[in-house]
$ cat model_31.txt   # compact mmCIF, C-alpha atoms
# COMPACT_ATOMS: atom_id res chain seq x y z
CA MET A 1433 -20.68 -27.50 -6.16
CA GLY A 1434 -17.31 -26.31 -4.84
CA ILE A 1435 -13.66 -26.73 -5.67
CA PRO A 1436 -10.82 -27.80 -3.36
CA ASN A 1437 -8.75 -25.07 -1.74
CA ASP A 1438 -5.65 -26.24 -3.63
CA ASP A 1439 -7.34 -25.13 -6.85
CA VAL A 1440 -8.57 -21.76 -5.55
CA VAL A 1441 -5.16 -20.14 -6.08
CA LEU A 1442 -2.73 -21.50 -8.66
CA ILE A 1443 0.81 -20.11 -8.96
CA GLN A 1444 2.79 -20.80 -12.11
CA LEU A 1445 6.46 -19.94 -11.65
CA PRO A 1446 8.34 -18.99 -14.83
CA LYS A 1447 11.09 -21.10 -16.36
CA ASP A 1448 12.97 -17.93 -17.24
CA PRO A 1449 13.55 -15.53 -14.27
CA SER A 1450 12.97 -12.59 -16.60
CA GLU A 1451 9.38 -13.73 -17.22
CA PRO A 1452 6.45 -12.93 -14.88
CA THR A 1453 4.87 -15.34 -12.43
CA ILE A 1454 1.22 -16.09 -13.22
CA VAL A 1455 -1.27 -16.26 -10.33
CA THR A 1456 -4.82 -17.48 -11.00
CA VAL A 1457 -7.65 -17.03 -8.49
CA ASN A 1458 -10.93 -18.88 -9.00
CA CYS A 1459 -13.48 -18.64 -6.17
CA PRO A 1460 -16.88 -17.31 -5.11
CA ASP A 1461 -17.07 -13.52 -5.31
CA LYS A 1462 -17.50 -11.08 -2.46
CA PRO A 1463 -17.52 -7.27 -2.33
CA GLY A 1464 -14.02 -5.81 -2.55
CA LEU A 1465 -12.28 -9.14 -3.19
CA GLY A 1466 -10.18 -7.82 -6.09
CA CYS A 1467 -8.97 -4.87 -4.00
CA ASP A 1468 -8.06 -7.16 -1.10
CA LEU A 1469 -6.10 -9.52 -3.35
CA CYS A 1470 -4.20 -6.65 -5.00
CA ARG A 1471 -3.41 -5.20 -1.61
CA THR A 1472 -1.83 -8.50 -0.55
CA LEU A 1473 0.22 -8.69 -3.75
CA LEU A 1474 1.48 -5.16 -3.08
CA GLU A 1475 2.26 -6.12 0.51
CA PHE A 1476 4.47 -8.98 -0.74
CA GLY A 1477 6.49 -6.55 -2.86
CA LEU A 1478 4.97 -7.55 -6.20
CA SER A 1479 3.94 -5.44 -9.20
CA ILE A 1480 1.11 -6.40 -11.54
CA THR A 1481 2.28 -6.21 -15.16
CA ARG A 1482 -1.02 -7.44 -16.57
CA ALA A 1483 -4.38 -8.71 -15.29
CA ASP A 1484 -7.64 -10.19 -16.56
CA PHE A 1485 -10.69 -10.69 -14.40
CA SER A 1486 -14.39 -11.37 -14.63
CA THR A 1487 -17.29 -11.98 -12.27
CA ASP A 1488 -21.02 -12.57 -12.50
CA GLY A 1489 -21.59 -11.39 -8.92
CA ARG A 1490 -21.41 -14.93 -7.58
CA TRP A 1491 -18.19 -16.36 -8.93
CA CYS A 1492 -14.91 -14.58 -9.61
CA TYR A 1493 -12.00 -15.46 -11.92
CA MET A 1494 -8.78 -13.42 -11.91
CA VAL A 1495 -5.36 -13.84 -13.53
CA PHE A 1496 -2.35 -11.73 -12.51
CA TRP A 1497 1.05 -11.51 -14.20
CA LEU A 1498 3.52 -10.53 -11.47
CA VAL A 1499 7.12 -9.33 -11.13
CA PRO A 1500 8.99 -8.10 -8.03
CA SER A 1501 8.71 -4.34 -7.43
CA VAL A 1502 11.77 -2.25 -8.23
CA SER A 1503 12.28 -1.36 -4.55
CA ASN A 1504 11.72 -4.91 -3.27
CA SER A 1505 14.88 -6.61 -1.98
CA CYS A 1506 13.07 -9.45 -0.17
CA GLU A 1507 12.78 -12.94 -1.58
CA ILE A 1508 9.18 -13.82 -2.41
CA ASP A 1509 7.75 -16.67 -0.33
CA TRP A 1510 5.28 -18.02 -2.87
CA GLU A 1511 3.85 -20.67 -0.55
CA SER A 1512 3.05 -18.05 2.08
CA LEU A 1513 1.56 -15.80 -0.60
CA LYS A 1514 -0.68 -18.63 -1.78
CA ASN A 1515 -1.85 -19.32 1.77
CA ARG A 1516 -2.61 -15.63 2.31
CA LEU A 1517 -4.58 -15.36 -0.95
CA VAL A 1518 -6.54 -18.56 -0.21
CA SER A 1519 -7.41 -17.26 3.26
CA MET A 1520 -8.96 -14.15 1.69
CA CYS A 1521 -11.17 -16.08 -0.72
CA PRO A 1522 -14.65 -17.16 0.35
CA SER A 1523 -14.95 -20.86 1.14
CA CYS A 1524 -15.10 -22.97 -2.01
CA LEU A 1525 -16.18 -26.22 -0.41
CA VAL A 1526 -19.79 -25.07 0.01
CA PRO A 1527 -22.25 -24.15 -2.75
CA PHE A 1528 -21.67 -20.56 -3.76
CA PHE A 1529 -25.35 -19.70 -3.56
CA SER A 1530 -25.42 -20.55 0.14
CA PHE A 1531 -22.18 -18.74 1.03
CA ASN A 1532 -22.40 -16.07 3.71
CA TYR A 1533 -20.21 -13.22 2.48
CA GLN A 1534 -20.04 -11.55 5.88
CA GLN A 1535 -16.95 -13.00 7.49
CA GLY A 1536 -16.67 -12.45 11.21
CA ASP A 1537 -18.12 -13.59 14.49
CA GLY A 1538 -21.67 -13.97 13.26
CA ASN A 1539 -22.74 -10.64 14.76
CA GLY A 1540 -21.67 -8.50 11.83
CA SER A 1541 -18.21 -7.70 13.16
CA THR A 1542 -15.09 -8.64 11.28
CA THR A 1543 -12.24 -10.40 13.02
CA HIS A 1544 -8.96 -8.50 13.17
CA SER A 1545 -5.39 -9.64 13.63
CA LEU A 1546 -3.87 -9.13 17.06
CA ILE A 1547 -1.48 -6.20 17.33
CA TYR A 1548 1.92 -6.66 18.94
CA LEU A 1549 4.47 -4.13 20.16
CA LEU A 1550 8.12 -4.47 19.19
CA LYS A 1551 10.41 -2.42 21.46
CA LEU A 1552 13.84 -2.10 19.92
CA CYS A 1553 16.75 -0.08 21.28
CA CYS A 1554 19.74 0.36 18.94
CA LEU A 1555 22.83 2.42 18.33
CA ASP A 1556 22.03 4.91 15.59
CA ARG A 1557 23.42 4.80 12.06
CA LYS A 1558 22.28 5.88 8.61
CA GLY A 1559 19.66 3.58 7.08
CA LEU A 1560 18.95 1.71 10.31
CA LEU A 1561 15.20 2.38 10.26
CA HIS A 1562 14.86 0.99 6.74
CA ASP A 1563 16.90 -2.08 7.67
CA VAL A 1564 14.52 -2.79 10.57
CA THR A 1565 11.55 -2.25 8.23
CA ARG A 1566 13.04 -4.61 5.63
CA ILE A 1567 13.60 -7.34 8.25
CA LEU A 1568 10.01 -7.08 9.45
CA SER A 1569 8.78 -7.24 5.84
CA GLU A 1570 10.86 -10.37 5.19
CA LEU A 1571 9.27 -11.97 8.26
CA GLN A 1572 5.79 -11.09 6.88
CA PHE A 1573 4.94 -8.50 9.51
CA THR A 1574 2.88 -5.43 8.66
CA ILE A 1575 3.70 -2.17 10.44
CA GLN A 1576 0.51 -0.55 11.73
CA ARG A 1577 2.00 2.30 13.76
CA VAL A 1578 5.52 3.37 14.64
CA LYS A 1579 7.23 5.90 16.85
CA VAL A 1580 10.98 6.38 16.56
CA MET A 1581 12.91 8.57 19.00
CA THR A 1582 16.61 9.44 18.99
CA THR A 1583 18.34 10.17 22.31
CA PRO A 1584 21.21 12.64 22.80
CA ASP A 1585 23.66 9.79 23.45
CA GLY A 1586 23.19 8.35 19.95
CA ARG A 1587 20.65 5.64 20.74
CA VAL A 1588 17.38 5.05 18.93
CA MET A 1589 14.21 3.68 20.52
CA TYR A 1590 11.72 2.03 18.18
CA LEU A 1591 8.12 1.39 19.22
CA VAL A 1592 6.74 -0.61 16.29
CA PHE A 1593 3.16 -1.92 16.34
CA ILE A 1594 2.85 -4.88 13.99
CA THR A 1595 0.45 -7.58 12.83
CA ASP A 1596 1.59 -11.01 11.70
CA GLY A 1597 0.68 -12.14 8.20
CA MET A 1598 1.32 -15.74 9.30
CA GLU A 1599 -0.92 -15.32 12.39
CA LEU A 1600 1.64 -17.15 14.54
CA LEU A 1601 2.98 -14.40 16.78
CA HIS A 1602 0.92 -15.70 19.69
CA THR A 1603 3.31 -18.67 19.84
CA LYS A 1604 6.55 -18.47 21.83
CA GLU A 1605 8.48 -20.03 18.95
CA ARG A 1606 7.47 -17.30 16.48
CA ARG A 1607 8.28 -14.52 18.98
CA ASP A 1608 11.67 -16.05 19.83
CA ASP A 1609 12.53 -16.56 16.15
CA THR A 1610 11.63 -12.93 15.41
CA ARG A 1611 13.83 -11.57 18.20
CA GLU A 1612 16.73 -13.84 17.24
CA HIS A 1613 16.48 -12.82 13.58
CA LEU A 1614 16.47 -9.10 14.39
CA ILE A 1615 19.44 -9.44 16.74
CA SER A 1616 21.43 -11.59 14.28
CA VAL A 1617 20.95 -9.10 11.41
CA LEU A 1618 21.43 -5.88 13.40
CA LYS A 1619 24.37 -7.43 15.32
CA ASN A 1620 26.24 -5.01 17.60
CA TYR A 1621 23.85 -2.16 16.82
CA CYS A 1622 21.05 -3.93 18.71
CA ILE A 1623 21.04 -3.15 22.47
CA SER A 1624 17.70 -4.70 23.46
CA CYS A 1625 14.70 -6.31 21.74
CA GLU A 1626 11.30 -7.01 23.32
CA LEU A 1627 8.10 -8.29 21.72
CA GLN A 1628 4.73 -8.37 23.46
CA LEU A 1629 1.02 -7.97 22.92
CA ALA A 1630 0.17 -4.28 22.48
CA GLY A 1631 -1.69 -2.45 25.22
CA PRO A 1632 -3.57 0.88 25.39
CA GLU A 1633 -0.53 2.74 24.05
CA TYR A 1634 -1.53 1.62 20.54
CA GLU A 1635 -4.75 3.62 20.65
CA ASN A 1636 -2.84 6.65 21.93
CA LEU A 1637 -0.68 6.67 18.79
CA LYS A 1638 -3.57 6.54 16.30
CA ALA A 1639 -4.02 10.29 16.25
CA LEU A 1640 -1.05 12.38 15.19
CA PRO A 1641 -0.28 15.74 16.77
CA SER A 1642 -2.45 18.17 14.86
CA LEU A 1643 -1.01 19.55 11.65
CA PRO A 1644 -0.81 23.35 11.28
CA PRO A 1645 -3.71 24.50 9.05
CA ALA A 1646 -1.39 25.78 6.31
CA VAL A 1647 0.50 22.45 6.22
CA ALA A 1648 -2.73 20.43 6.16
CA GLU A 1649 -4.07 22.55 3.30
CA GLU A 1650 -0.89 22.06 1.26
CA LEU A 1651 -0.84 18.31 1.96
CA PHE A 1652 -4.48 17.43 1.35
CA THR A 1653 -5.87 20.00 -1.09
CA TYR A 1654 -6.16 18.66 -4.61
CA GLU A 1655 -7.75 20.20 -7.70
CA LEU A 1656 -7.48 18.67 -11.15
CA ALA A 1657 -7.22 22.11 -12.72
CA GLY A 1658 -4.29 22.96 -10.50
CA LYS A 1659 -2.42 19.68 -10.51
CA GLU A 1660 0.59 21.11 -12.32
CA ALA A 1661 1.00 23.87 -9.76
CA SER A 1662 0.65 21.42 -6.89
CA SER A 1663 3.30 19.21 -8.47
CA LYS A 1664 5.88 21.95 -8.99
CA GLU A 1665 8.55 19.88 -7.21
CA LEU A 1666 8.43 17.23 -9.94
CA LYS A 1667 11.18 17.11 -12.51
CA SER A 1668 10.28 17.77 -16.15
CA ASP A 1669 10.35 14.10 -17.18
CA MET A 1670 7.89 13.24 -14.40
CA MET A 1671 5.64 16.16 -15.35
CA THR A 1672 5.48 14.84 -18.92
CA LEU A 1673 4.21 11.52 -17.60
CA LYS A 1674 1.64 12.98 -15.21
CA LYS A 1675 -1.39 12.60 -17.46
CA ALA A 1676 -4.50 10.51 -17.00
CA THR A 1677 -7.71 10.14 -18.99
CA VAL A 1678 -10.98 8.42 -18.05
CA THR A 1679 -13.55 7.91 -20.83
CA VAL A 1680 -17.12 6.81 -20.09
CA ASP A 1681 -19.20 4.81 -22.58
CA ASN A 1682 -22.80 3.91 -21.72
CA LEU A 1683 -23.76 2.84 -25.26
CA LEU A 1684 -21.53 -0.14 -26.00
CA SER A 1685 -23.01 -2.50 -23.40
CA PRO A 1686 -26.72 -2.75 -22.54
CA ALA A 1687 -25.96 -3.87 -18.97
CA HIS A 1688 -22.69 -2.18 -18.03
CA THR A 1689 -20.93 1.17 -18.04
CA LEU A 1690 -17.55 1.01 -19.78
CA LEU A 1691 -14.64 2.93 -18.30
CA GLN A 1692 -11.57 3.28 -20.52
CA ILE A 1693 -8.57 4.48 -18.56
CA GLN A 1694 -5.11 5.49 -19.74
CA CYS A 1695 -2.39 6.74 -17.44
CA VAL A 1696 1.28 6.48 -16.60
CA ASP A 1697 2.48 3.12 -15.29
CA GLN A 1698 3.20 3.17 -11.55
CA LYS A 1699 3.44 0.77 -8.65
CA GLY A 1700 0.09 -0.10 -7.07
CA LEU A 1701 -1.94 1.38 -9.93
CA PHE A 1702 -4.33 -1.56 -10.20
CA TYR A 1703 -4.76 -1.57 -6.41
CA ASP A 1704 -5.62 2.15 -6.43
CA ILE A 1705 -8.28 1.66 -9.10
CA LEU A 1706 -9.85 -1.34 -7.36
CA ARG A 1707 -9.70 0.50 -4.02
CA THR A 1708 -11.66 3.33 -5.62
CA SER A 1709 -14.23 0.86 -6.96
CA LYS A 1710 -14.57 -0.60 -3.47
CA ASP A 1711 -14.96 2.84 -1.87
CA PHE A 1712 -17.59 3.87 -4.47
CA ASP A 1713 -19.37 0.50 -4.09
CA PHE A 1714 -19.51 -0.41 -7.78
CA GLN A 1715 -18.90 -3.86 -9.21
CA ILE A 1716 -16.47 -4.72 -12.01
CA ALA A 1717 -18.03 -7.41 -14.18
CA TYR A 1718 -15.08 -7.64 -16.54
CA GLY A 1719 -11.74 -5.92 -16.71
CA ARG A 1720 -8.44 -5.99 -18.53
CA PHE A 1721 -5.26 -4.38 -17.26
CA SER A 1722 -3.00 -4.30 -20.31
CA SER A 1723 0.79 -4.46 -20.39
CA SER A 1724 2.70 -1.19 -20.27
CA VAL A 1725 3.37 0.52 -23.62
CA LYS A 1726 5.88 3.39 -23.57
CA SER A 1727 5.36 3.74 -19.79
CA TYR A 1728 1.58 4.00 -20.14
CA ARG A 1729 -1.19 1.64 -19.04
CA SER A 1730 -4.60 1.07 -20.59
CA LEU A 1731 -7.52 -0.39 -18.67
CA ASP A 1732 -10.99 -1.40 -19.80
CA LEU A 1733 -13.53 -1.84 -17.01
CA PHE A 1734 -17.15 -2.92 -17.47
CA ILE A 1735 -18.84 -1.77 -14.27
CA ARG A 1736 -22.27 -1.52 -12.67
CA GLN A 1737 -23.78 -0.36 -9.41
CA ALA A 1738 -24.25 -2.69 -6.46
CA ASN A 1739 -27.93 -3.03 -7.45
CA GLY A 1740 -26.90 -4.34 -10.88
CA ASN A 1741 -27.77 -1.20 -12.86
CA LYS A 1742 -25.57 0.88 -15.13
CA ILE A 1743 -24.16 4.15 -13.78
CA VAL A 1744 -26.04 6.89 -15.60
CA ASP A 1745 -26.28 9.69 -13.00
CA PRO A 1746 -23.95 12.46 -14.34
CA LYS A 1747 -23.03 13.63 -10.84
CA HIS A 1748 -22.08 10.10 -9.78
CA LEU A 1749 -20.06 9.57 -12.96
CA ASN A 1750 -18.25 12.90 -12.60
CA ALA A 1751 -17.39 12.17 -8.96
CA LEU A 1752 -16.11 8.71 -9.92
CA CYS A 1753 -13.99 9.98 -12.83
CA SER A 1754 -12.56 12.82 -10.74
CA ARG A 1755 -11.59 10.43 -7.95
CA LEU A 1756 -9.97 7.99 -10.40
CA GLN A 1757 -7.94 10.81 -11.96
CA GLU A 1758 -6.88 11.99 -8.53
CA GLU A 1759 -5.75 8.49 -7.54
CA MET A 1760 -3.78 8.07 -10.77
CA LEU A 1761 -2.15 11.51 -10.69
CA GLN A 1762 -1.52 11.82 -6.96
CA PRO A 1763 -1.80 8.50 -5.11
CA PHE A 1764 0.61 10.02 -2.57
CA ARG A 1765 1.07 13.50 -1.18
CA VAL A 1766 4.69 14.38 -0.41
CA ILE A 1767 5.86 17.71 1.01
CA VAL A 1768 8.77 19.07 3.05
CA VAL A 1769 8.07 21.76 5.66
CA ASN A 1770 9.74 23.50 8.58
CA ARG A 1771 8.79 22.23 12.03
CA GLY A 1772 10.30 24.79 14.32
CA PRO A 1773 14.04 24.71 13.67
CA ASP A 1774 13.81 21.23 12.13
CA THR A 1775 12.94 19.89 8.68
CA GLU A 1776 9.94 17.56 8.40
CA LEU A 1777 9.01 15.23 5.56
CA LEU A 1778 5.30 14.41 5.33
CA VAL A 1779 3.83 11.64 3.19
CA ALA A 1780 0.10 10.93 3.05
CA ASN A 1781 -2.10 8.42 1.23
CA PRO A 1782 -5.83 7.65 1.43
CA VAL A 1783 -7.12 4.93 3.73
CA GLU A 1784 -9.53 2.31 2.40
CA SER A 1785 -13.15 2.56 3.50
CA SER A 1786 -12.45 -0.64 5.49
CA GLY A 1787 -9.85 1.28 7.51
CA LYS A 1788 -6.77 -0.38 5.98
CA GLY A 1789 -3.80 1.71 4.98
CA ARG A 1790 -1.65 1.24 1.90
CA PRO A 1791 1.09 -1.43 2.21
CA ARG A 1792 4.84 -0.75 2.10
CA VAL A 1793 4.70 3.05 2.16
CA PHE A 1794 6.95 3.20 5.23
CA TYR A 1795 9.28 0.68 3.55
CA ASP A 1796 9.65 2.80 0.41
CA VAL A 1797 10.03 6.15 2.17
CA THR A 1798 12.73 4.86 4.54
CA LEU A 1799 14.47 3.26 1.54
CA ALA A 1800 14.51 6.61 -0.29
CA LEU A 1801 15.93 8.36 2.79
CA LYS A 1802 18.59 5.66 3.17
CA MET A 1803 19.66 6.02 -0.48
CA LEU A 1804 19.99 9.79 0.03
CA GLY A 1805 22.00 9.25 3.21
CA ILE A 1806 19.56 11.22 5.38
CA ARG A 1807 19.29 10.37 9.07
CA ILE A 1808 15.83 10.17 10.67
CA PHE A 1809 15.59 11.83 14.08
CA LEU A 1810 11.89 11.10 14.71
CA ALA A 1811 9.26 9.09 12.79
CA GLU A 1812 5.52 8.66 13.37
CA ILE A 1813 2.57 7.08 11.58
CA GLY A 1814 -0.97 8.21 12.32
CA ARG A 1815 -4.35 9.09 10.84
CA HIS A 1816 -5.81 12.42 9.76
CA SER A 1817 -9.41 13.05 8.72
CA THR A 1818 -10.55 15.58 6.16
CA CYS A 1819 -14.13 16.42 5.26
CA ASP A 1820 -14.58 13.49 2.87
CA ARG A 1821 -11.95 10.85 3.68
CA GLN A 1822 -9.33 9.55 6.05
CA TRP A 1823 -5.59 9.61 5.43
CA GLU A 1824 -2.60 7.76 6.74
CA VAL A 1825 0.16 10.28 7.43
CA TYR A 1826 3.86 9.53 7.80
CA ARG A 1827 5.95 12.19 9.56
CA PHE A 1828 9.75 12.20 9.58
CA LEU A 1829 11.94 14.74 11.37
CA LEU A 1830 15.24 14.74 9.47
CA ASP A 1831 18.79 15.53 10.47
CA ASP A 1832 20.55 18.20 8.44
CA SER A 1833 24.06 17.52 7.15
CA HIS A 1834 26.79 19.08 5.03
CA GLU A 1835 26.34 16.29 2.46
CA PHE A 1836 22.59 16.97 2.13
CA PRO A 1837 21.71 20.46 3.45
CA LEU A 1838 17.95 20.44 3.95
CA THR A 1839 17.84 24.23 4.22
CA SER A 1840 18.51 24.28 0.46
CA CYS A 1841 15.48 24.43 -1.85
CA ARG A 1842 17.36 22.29 -4.35
CA ALA A 1843 18.00 19.58 -1.75
CA ARG A 1844 14.35 19.65 -0.63
CA ASN A 1845 13.11 19.27 -4.20
CA GLN A 1846 15.55 16.43 -4.72
CA LEU A 1847 14.20 14.75 -1.56
CA VAL A 1848 10.57 15.08 -2.67
CA ASP A 1849 11.45 13.79 -6.14
CA LYS A 1850 13.34 10.76 -4.76
CA VAL A 1851 10.55 9.81 -2.35
CA ARG A 1852 7.89 10.10 -5.07
CA ARG A 1853 9.91 8.05 -7.55
CA THR A 1854 10.49 5.30 -4.97
CA LEU A 1855 6.81 5.19 -4.02
CA MET A 1856 5.78 5.10 -7.70
CA GLY A 1857 8.29 2.38 -8.55
CA TRP A 1858 10.19 4.54 -11.07
$ encode --input "model_31.txt" --output "structure tokens"
Amino acid sequence: MGIPNDDVVLIQLPKDPSEPTIVTVNCPDKPGLGCDLCRTLLEFGLSITRADFSTDGRWCYMVFWLVPSVSNSCEIDWESLKNRLVSMCPSCLVPFFSFNYQQGDGNGSTTHSLIYLLKLCCLDRKGLLHDVTRILSELQFTIQRVKVMTTPDGRVMYLVFITDGMELLHTKERRDDTREHLISVLKNYCISCELQLAGPEYENLKALPSLPPAVAEELFTYELAGKEASSKELKSDMMTLKKATVTVDNLLSPAHTLLQIQCVDQKGLFYDILRTSKDFDFQIAYGRFSSSVKSYRSLDLFIRQANGNKIVDPKHLNALCSRLQEEMLQPFRVIVVNRGPDTELLVANPVESSGKGRPRVFYDVTLALKMLGIRIFLAEIGRHSTCDRQWEVYRFLLDDSHEFPLTSCRARNQLVDKVRRTLMGW
């Protein structure tokens, strides 16, 4: 009644490097599985060029066509990716009708990866924070929280809270290998490197210093009718692309509501849509994520409520369509503000209902700042709650320079544009 784990995830590497890699997942279904798989693909620096998937509520079949993201400079470890994807799939060696979808300790709680603290002291230079982030990504670590502080004598202290995708950081060998790799890559810039299990200081960093009300309103307020005004920093070519339509059809299928979606192609698009489906607790019975045509994507989703019924309540449909449009038009919020005498870059994105943040945001933002040659004086990651959702907020205090004067409106708009383009994969 089951299939071996080797057949749960199949990876077909292309003969031609210009062609996509095809990943097939065939396993029992569970709520939010598609979102979790897409999140992992995004975490590995991959973009979905096309996808087909179907489920009957008990068994799930998905096919992904994948290419490396534009900003990804790390080599893909396909074996590790396969192991990660298999670990997320419900067990296939037991009959699917007897599978317990609640994974955890048997008491309704879900197991979580241990969090470790990396303390790194370095001599400062441009792009150093992104280089550290890239190394951690190559080693399959996920940054959960970070605090970066620059001292007057030109040193930088990094407090980086990480989880290990390989779940091996509890071993001395993995910790030693990590330290040695960081020191060998950073070379003379690295002064000290310590790695240990995180203590209470992790909880203290969860909440950011409160945002001024005017800054919070600018960062989190979103209205479809005013999206052009809120995106005034975008260049004209980006504004042309910022369109999204969601069409609802309740007549075509007797058992499902059909959503037809068209929007600009961007990194993580499929993840954002499946994250929304997970947050709204509706099931996708069949879906097709078509290849990009003239920078646009088309999606057909046959959906139903968790109870198996079509979605016919107008209020529910309007809320769903509005949220989907918001996620397609503004998956990230990016603004530049004054923080006392300093310039602060703020980037925010929604947190999943499960509490997980979006992968590789810190990677992309630090890459954009490195390409612009902007030094980071202070960096923090934390959470902020609004009336209806939780956000992960990235705060960067930036050093001004003659090459990139942040007091200039033109330079600030260029910064916002560069960060958005890097996050979107453009």
$ atom_distance --input "model_31.txt" --atom1 "atom CA of A:Val1797" --atom2 "atom CA of A:Ser1450"
26.7 Å
$ residues_near_point --input "model_31.txt" --point "(-24.0, 4.9, -18.6)" --cutoff "10 Å" --atoms "all atoms listed in the file" --output "number ranges by chain"
A: 1680-1691, 1735-1736, 1741-1746, 1749
$ closest_residue --input "model_31.txt" --among "A:Leu1474, A:Ile1547, A:Met1494, A:Val1696" --to "A:Arg1729" --atoms "only C-alpha atoms"
A:Val1696
$ residues_around --input "model_31.txt" --residues "A:Arg1765" --least-positions-apart "6" --cutoff "8 Å" --atoms "only C-alpha atoms" --output "PyMOL selection string"
chain A and resi 1651-1652+1778-1781
$ write_last_selection --input "model_31.txt" --atoms "C-alpha atoms" --output "CSV table (one decimal), in the frame of the given file"
chain,number,residue,atom,x,y,z
A,1651,LEU,CA,-0.8,18.3,2.0
A,1652,PHE,CA,-4.5,17.4,1.4
A,1778,LEU,CA,5.3,14.4,5.3
A,1779,VAL,CA,3.8,11.6,3.2
A,1780,ALA,CA,0.1,10.9,3.0
A,1781,ASN,CA,-2.1,8.4,1.2
$ residues_near_point --input "model_31.txt" --point "(-22.7, 1.6, -3.7)" --cutoff "7 Å" --atoms "only C-alpha atoms" --output "ChimeraX atom specification"
/A:1712-1714,1737-1738
$ atom_distance --input "model_31.txt" --atom1 "atom CA of A:Leu1847" --atom2 "atom CA of A:Gly1814"
21.6 Å
$ closest_residue --input "model_31.txt" --among "A:Asp1484, A:Asp1468, A:Glu1784, A:Glu1451" --to "A:Asp1711" --atoms "only C-alpha atoms"
A:Glu1784
$ residues_around --input "model_31.txt" --residues "A:Ile1480" --least-positions-apart "2" --cutoff "9 Å" --atoms "all atoms listed in the file" --output "list in words"
Cys1470, Leu1473, Leu1474, Leu1478, Arg1482, Ala1483, Phe1496, Trp1497, Leu1498, Val1499, Pro1500, Ser1501, Lys1699, Gly1700, Leu1701, Phe1702 and Phe1721 of chain A
$ atom_distance --input "model_31.txt" --atom1 "atom CA of A:Arg1490" --atom2 "atom CA of A:Cys1459"
8.9 Å
$ closest_residue --input "model_31.txt" --among "A:Val1518, A:Val1851, A:Leu1546, A:Cys1553" --to "A:Glu1599" --atoms "all atoms listed in the file"
A:Leu1546
$ closest_residue --input "model_31.txt" --among "A:Pro1791, A:Pro1463, A:Pro1782, A:Pro1446" --to "A:Glu1759" --atoms "all atoms listed in the file"
A:Pro1782
